[in-house]
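Contents: one structure, followed by commentary.
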Amino acid sequence: MTEKDLVLPLRRIPPLDEFLDALKIKPAGLAAQLFTGVYNQLFSWSKDLRAQYDQYYFVEYPTLATYLELVHEIYLDPAELEKTHILKIKSPGGVLEEAYDDNVRDTVIACIRKLEDSNED
């Protein structure tokens, strides 16, 4: 895995409207258009490594952790391995790009974590 890749272990993928609402973005504005692209980058165009493992690689690798470590060089805590989705986002761009001065990567990730925590109850 390259350092630019982003890995998000999640219990569920939030619907677009919930994602925008959590970021306090109104659905019809310019920000909604921009962050719909962010949503797609994170949740639609990413690879779900758990799904890939469950569908194809479980016969080659004895555990999900082994598959992630050997194939993707990803090391997750046991609690993260229990999540329903393990999304791998290749070099997030646009407003998520770390080199971009006004990037919102940390804000978006914090928002996703908050959505995860609020749905645990």
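Starting from 1 in every chain, residues are counted up; chains themselves are A, B, ... following the order of the structure tokens, and ligands are numbered from 1 as listed.
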
So which residues of chain A fall under strand (DSSP E) by DSSP, listed as a count of residues only? 12

Contacts of range 69-84 of chain A within 8 Å, only C-alpha atoms, excl. fewer than 4 positions in-chain, as a PyMOL selection string: chain A and resi 1+9-12+50+64-65

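With distances restricted to only C-alpha atoms, A:Leu87 is the closest residue to Leu49 in chain A from A:Ile13, A:Ile112, A:Ala22, A:Leu87.
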
Per-residue nearest contacts of range 36-78 of chain A to range 23-27 of chain A (12 Å; only C-alpha atoms) as CSV:
```
residue,atom,partner,partner_atom,distance
A:Thr36,CA,A:Pro27,CA,9.4
A:Val38,CA,A:Leu23,CA,11.6
A:Tyr39,CA,A:Leu23,CA,11.3
```

Could those selected residues go to a file with N, CA, C and O atoms, as a compact mmCIF listing (two decimals), in the first residue's frame?
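Done, and the output landed in selection-v7.txt:
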```
# COMPACT_ATOMS: atom_id res chain seq x y z
N THR A 36 -20.41 15.32 -3.24
CA THR A 36 -20.93 14.09 -3.86
C THR A 36 -19.77 13.38 -4.55
O THR A 36 -19.67 12.15 -4.50
N VAL A 38 -16.66 13.57 -3.50
CA VAL A 38 -15.90 13.01 -2.37
C VAL A 38 -16.56 11.71 -1.92
O VAL A 38 -15.88 10.70 -1.70
N TYR A 39 -17.88 11.72 -1.80
CA TYR A 39 -18.63 10.52 -1.41
C TYR A 39 -18.33 9.38 -2.38
O TYR A 39 -18.05 8.26 -1.97
```

Sorted by chain and rising residue number, which residues of range 59-100 of chain A lie within 10 Å of range 41-45 of chain A, and what are their closest atom pairs and distances in Å to one decimal, counting only C-alpha atoms, as a tab-separated table?
```
residue	atom	partner	partner_atom	distance
A:His85	CA	A:Phe43	CA	9.9
A:Leu87	CA	A:Phe43	CA	7.6
A:Lys88	CA	A:Leu42	CA	8.3
A:Ile89	CA	A:Leu42	CA	6.3
A:Lys90	CA	A:Gln41	CA	8.9
A:Ser91	CA	A:Gln41	CA	9.8
A:Pro92	CA	A:Gln41	CA	7.1
A:Gly93	CA	A:Gln41	CA	8.4
A:Gly94	CA	A:Gln41	CA	9.8
A:Leu96	CA	A:Gln41	CA	9.4
```

Those of range 29-117 of chain A in DSSP helix (DSSP H, G or I), formatted as number ranges by chain: A: 30-44, 49-57, 64-72, 78-81, 94-96, 105-117

Dump of N, CA and C atoms for the selected residues, as a short mmCIF file (atom, residue, chain, number, x, y, z; two decimals), in the first residue's frame:
```cif
data_model
loop_
_atom_site.label_atom_id
_atom_site.label_comp_id
_atom_site.auth_asym_id
_atom_site.auth_seq_id
_atom_site.Cartn_x
_atom_site.Cartn_y
_atom_site.Cartn_z
N LEU A 30 -23.58 24.10 -4.36
CA LEU A 30 -22.31 23.78 -5.00
C LEU A 30 -21.48 22.83 -4.12
N ALA A 31 -21.51 23.04 -2.82
CA ALA A 31 -20.77 22.15 -1.91
C ALA A 31 -21.29 20.72 -2.01
N ALA A 32 -22.60 20.56 -2.20
CA ALA A 32 -23.18 19.22 -2.35
C ALA A 32 -22.63 18.54 -3.59
N GLN A 33 -22.47 19.30 -4.67
CA GLN A 33 -21.90 18.74 -5.90
C GLN A 33 -20.46 18.30 -5.65
N LEU A 34 -19.69 19.16 -5.01
CA LEU A 34 -18.29 18.86 -4.72
C LEU A 34 -18.17 17.64 -3.81
N PHE A 35 -18.98 17.59 -2.76
CA PHE A 35 -18.86 16.50 -1.80
C PHE A 35 -19.57 15.23 -2.23
N THR A 36 -20.41 15.32 -3.24
CA THR A 36 -20.93 14.09 -3.86
C THR A 36 -19.77 13.38 -4.55
N GLY A 37 -18.87 14.15 -5.13
CA GLY A 37 -17.64 13.57 -5.71
C GLY A 37 -16.78 12.93 -4.64
N VAL A 38 -16.66 13.57 -3.50
CA VAL A 38 -15.90 13.01 -2.37
C VAL A 38 -16.56 11.71 -1.92
N TYR A 39 -17.88 11.72 -1.80
CA TYR A 39 -18.63 10.52 -1.41
C TYR A 39 -18.33 9.38 -2.38
N ASN A 40 -18.40 9.66 -3.67
CA ASN A 40 -18.14 8.64 -4.67
C ASN A 40 -16.72 8.10 -4.56
N GLN A 41 -15.76 8.99 -4.36
CA GLN A 41 -14.37 8.56 -4.18
C GLN A 41 -14.23 7.58 -3.02
N LEU A 42 -14.89 7.92 -1.92
CA LEU A 42 -14.76 7.12 -0.71
C LEU A 42 -15.57 5.83 -0.75
N PHE A 43 -16.80 5.91 -1.21
CA PHE A 43 -17.71 4.79 -1.04
C PHE A 43 -18.10 4.05 -2.32
N SER A 44 -18.03 4.70 -3.46
CA SER A 44 -18.45 4.04 -4.70
C SER A 44 -17.27 3.53 -5.52
N LEU A 49 -12.03 -4.37 0.39
CA LEU A 49 -11.10 -5.49 0.53
C LEU A 49 -11.73 -6.67 1.25
N ARG A 50 -12.64 -6.42 2.17
CA ARG A 50 -13.33 -7.54 2.85
C ARG A 50 -14.18 -8.30 1.83
N ALA A 51 -14.91 -7.60 1.00
CA ALA A 51 -15.75 -8.26 -0.01
C ALA A 51 -14.88 -9.05 -0.98
N GLN A 52 -13.75 -8.47 -1.38
CA GLN A 52 -12.84 -9.19 -2.28
C GLN A 52 -12.33 -10.47 -1.63
N TYR A 53 -11.94 -10.35 -0.37
CA TYR A 53 -11.44 -11.52 0.36
C TYR A 53 -12.53 -12.58 0.45
N ASP A 54 -13.72 -12.17 0.88
CA ASP A 54 -14.82 -13.12 1.06
C ASP A 54 -15.22 -13.80 -0.25
N GLN A 55 -15.10 -13.08 -1.36
CA GLN A 55 -15.54 -13.63 -2.63
C GLN A 55 -14.44 -14.43 -3.34
N TYR A 56 -13.20 -13.98 -3.27
CA TYR A 56 -12.16 -14.60 -4.08
C TYR A 56 -10.98 -15.21 -3.31
N TYR A 57 -10.52 -14.54 -2.27
CA TYR A 57 -9.22 -14.88 -1.70
C TYR A 57 -9.26 -15.73 -0.44
N LEU A 64 -8.55 -13.00 6.95
CA LEU A 64 -8.60 -11.68 6.34
C LEU A 64 -7.34 -10.89 6.70
N ALA A 65 -6.91 -10.97 7.94
CA ALA A 65 -5.71 -10.25 8.37
C ALA A 65 -4.49 -10.66 7.55
N THR A 66 -4.35 -11.95 7.31
CA THR A 66 -3.22 -12.45 6.52
C THR A 66 -3.29 -11.89 5.10
N TYR A 67 -4.47 -11.93 4.50
CA TYR A 67 -4.66 -11.39 3.16
C TYR A 67 -4.29 -9.91 3.11
N LEU A 68 -4.79 -9.12 4.05
CA LEU A 68 -4.50 -7.69 4.07
C LEU A 68 -3.01 -7.41 4.23
N GLU A 69 -2.37 -8.17 5.12
CA GLU A 69 -0.95 -7.95 5.39
C GLU A 69 -0.08 -8.36 4.21
N LEU A 70 -0.32 -9.54 3.66
CA LEU A 70 0.55 -10.05 2.59
C LEU A 70 0.30 -9.40 1.24
N VAL A 71 -0.94 -9.15 0.92
CA VAL A 71 -1.27 -8.62 -0.41
C VAL A 71 -1.26 -7.10 -0.45
N HIS A 72 -1.77 -6.46 0.60
CA HIS A 72 -1.95 -5.01 0.57
C HIS A 72 -1.05 -4.25 1.55
N PRO A 78 -7.67 -5.86 15.61
CA PRO A 78 -8.73 -6.87 15.54
C PRO A 78 -10.14 -6.27 15.46
N ALA A 79 -10.38 -5.17 16.16
CA ALA A 79 -11.71 -4.54 16.12
C ALA A 79 -12.02 -4.01 14.72
N GLU A 80 -11.02 -3.49 14.04
CA GLU A 80 -11.22 -2.99 12.68
C GLU A 80 -11.45 -4.13 11.69
N LEU A 81 -10.85 -5.27 11.95
CA LEU A 81 -11.03 -6.44 11.08
C LEU A 81 -12.46 -6.98 11.15
N GLY A 94 -8.48 15.74 -5.21
CA GLY A 94 -9.34 16.89 -4.98
C GLY A 94 -9.18 17.45 -3.58
N VAL A 95 -10.29 17.73 -2.93
CA VAL A 95 -10.24 18.34 -1.60
C VAL A 95 -9.74 17.36 -0.53
N LEU A 96 -9.59 16.08 -0.89
CA LEU A 96 -9.04 15.10 0.06
C LEU A 96 -7.53 14.96 -0.08
N ARG A 105 -9.56 16.45 4.35
CA ARG A 105 -9.46 15.01 4.61
C ARG A 105 -9.76 14.67 6.07
N ASP A 106 -9.10 15.36 7.00
CA ASP A 106 -9.30 15.06 8.42
C ASP A 106 -10.74 15.33 8.85
N THR A 107 -11.33 16.40 8.33
CA THR A 107 -12.71 16.74 8.66
C THR A 107 -13.66 15.66 8.17
N VAL A 108 -13.46 15.21 6.94
CA VAL A 108 -14.33 14.18 6.36
C VAL A 108 -14.18 12.86 7.11
N ILE A 109 -12.95 12.48 7.42
CA ILE A 109 -12.73 11.22 8.16
C ILE A 109 -13.33 11.31 9.56
N ALA A 110 -13.18 12.44 10.21
CA ALA A 110 -13.77 12.63 11.54
C ALA A 110 -15.30 12.53 11.45
N CYS A 111 -15.87 13.07 10.39
CA CYS A 111 -17.32 12.99 10.18
C CYS A 111 -17.76 11.55 10.00
N ILE A 112 -17.01 10.79 9.21
CA ILE A 112 -17.34 9.38 8.97
C ILE A 112 -17.25 8.60 10.28
N ARG A 113 -16.22 8.85 11.08
CA ARG A 113 -16.08 8.19 12.38
C ARG A 113 -17.25 8.54 13.30
N LYS A 114 -17.68 9.80 13.25
CA LYS A 114 -18.81 10.22 14.08
C LYS A 114 -20.09 9.49 13.65
N LEU A 115 -20.28 9.35 12.34
CA LEU A 115 -21.45 8.60 11.85
C LEU A 115 -21.38 7.14 12.31
N GLU A 116 -20.19 6.56 12.28
CA GLU A 116 -19.99 5.18 12.75
C GLU A 116 -20.38 5.06 14.22
N ASP A 117 -19.87 5.99 15.02
CA ASP A 117 -20.13 5.95 16.46
C ASP A 117 -21.61 6.14 16.77
#
```

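The gap separating CA of Phe19 in chain A from CA of Asp48 in chain A is 18.4 Å, in Å to one decimal.
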
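Put simply, CA of Leu20 in chain A is 18.4 Å away from CA of Ser46 in chain A.
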
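One distance worth recording is that between CA of Val7 in chain A and CA of Val104 in chain A, which is 16.2 Å.
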